[in-house]
Structures are given as C-alpha cells and as structure tokens.
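K.L.:
Structure below; questions to follow.
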Amino acid sequence: MTQSPQNMSALMCELSVALAELSEKMSNLSVTLENSYLESNAPESAAMLEAARETIEKARSS
C-alpha cells in the first residue's frame with residue numbers, strides 16, 4: 001500500500017512533533033533527577049557532581 005506524498009508529509013510532521021515533545025519530557029526528567037541527586041546530600045565527590053552537570057549540559061545543548 002503506497003502513501004501519497006501529502007499523507008507521508010503529514011505523518012512526518014506528526015512524528016517530528018512527537019519527538020520534540022519526547023525530547024522536552026526527557027530534558028525535564030534529567031533536570032528533576034539532577035536536582036533530586038544534588039539535594040540528596042550523597043557523599044559523592046565534587047568531581048562526580050561536576051561530571052554529572054557537564055553531561056546534562058551536553059544533553060541539553062544537543
């Protein structure tokens with residue numbers, strides 16, 4: 001079954017919107033997890049905290 005170009009275009013637009021929404025939700029989740037981790041007062045080293053922050057920043061900017 002062949003899809004018309006208009007149908008394919010509409011499906012691609014829907015997929016793009018869904019992916020953008022998923023990306024935003026994942027970003028919000030990472031911020032929430034980072035905040036929870038930082039507020040937990042875990043005895044991790046400052047280097048580990050900095051590495052986590054850098055990783056999250058890289059993910060946000062991608």
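Please note that chains go A, B, ... in the order of the structure tokens, that every chain numbers its residues from 1, and that ligands are numbered from 1 in the order shown.
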May I have the residues within 10 Å of segment 54-60 of chain A as a list in words, using only C-alpha atoms and disregarding those fewer than 6 positions away in the same chain?

P.N.:
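Once the adjacent positions are removed, what remains is Ser23, Glu24, Met26, Ser27, Asn28, Ser30, Val31, Glu34 and Met48 of chain A.
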
K.L.:
Could you take the residues named above and write them with N, CA and C atoms, as a PDB file, in the first residue's frame?

P.N.:
```
ATOM      1  N   SER A  23      11.554  14.772  23.597  1.00  0.00           N
ATOM      2  CA  SER A  23      12.822  15.396  23.946  1.00  0.00           C
ATOM      3  C   SER A  23      12.654  16.363  25.113  1.00  0.00           C
ATOM      4  N   GLU A  24      11.587  17.149  25.083  1.00  0.00           N
ATOM      5  CA  GLU A  24      11.332  18.088  26.180  1.00  0.00           C
ATOM      6  C   GLU A  24      11.067  17.342  27.486  1.00  0.00           C
ATOM      7  N   MET A  26      12.121  14.359  28.303  1.00  0.00           N
ATOM      8  CA  MET A  26      13.373  13.746  28.764  1.00  0.00           C
ATOM      9  C   MET A  26      14.283  14.797  29.397  1.00  0.00           C
ATOM     10  N   SER A  27      14.303  15.984  28.824  1.00  0.00           N
ATOM     11  CA  SER A  27      15.108  17.063  29.390  1.00  0.00           C
ATOM     12  C   SER A  27      14.592  17.444  30.770  1.00  0.00           C
ATOM     13  N   ASN A  28      13.270  17.561  30.895  1.00  0.00           N
ATOM     14  CA  ASN A  28      12.686  17.876  32.198  1.00  0.00           C
ATOM     15  C   ASN A  28      12.995  16.790  33.217  1.00  0.00           C
ATOM     16  N   SER A  30      15.610  14.809  33.214  1.00  0.00           N
ATOM     17  CA  SER A  30      17.023  14.872  33.596  1.00  0.00           C
ATOM     18  C   SER A  30      17.264  15.994  34.606  1.00  0.00           C
ATOM     19  N   VAL A  31      16.567  17.122  34.445  1.00  0.00           N
ATOM     20  CA  VAL A  31      16.705  18.220  35.400  1.00  0.00           C
ATOM     21  C   VAL A  31      16.172  17.793  36.764  1.00  0.00           C
ATOM     22  N   GLU A  34      18.614  15.400  38.296  1.00  0.00           N
ATOM     23  CA  GLU A  34      19.799  16.116  38.754  1.00  0.00           C
ATOM     24  C   GLU A  34      19.505  16.842  40.065  1.00  0.00           C
ATOM     25  N   MET A  48      32.566  14.024  40.696  1.00  0.00           N
ATOM     26  CA  MET A  48      31.429  13.284  40.144  1.00  0.00           C
ATOM     27  C   MET A  48      30.247  14.221  39.891  1.00  0.00           C
TER      28      MET A  48
END
```

K.L.:
Can you pull out every residue within 10 Å of Leu38 of chain A, counting only C-alpha atoms, but drop anything in the same chain fewer than 5 positions away, and send it as a PyMOL selection string?

P.N.:
chain A and resi 32-33+44+49+52-53

K.L.:
As number ranges by chain, which residues of chain A does DSSP assign to alpha helix (DSSP H)?

P.N.:
A: 5-39, 46-61
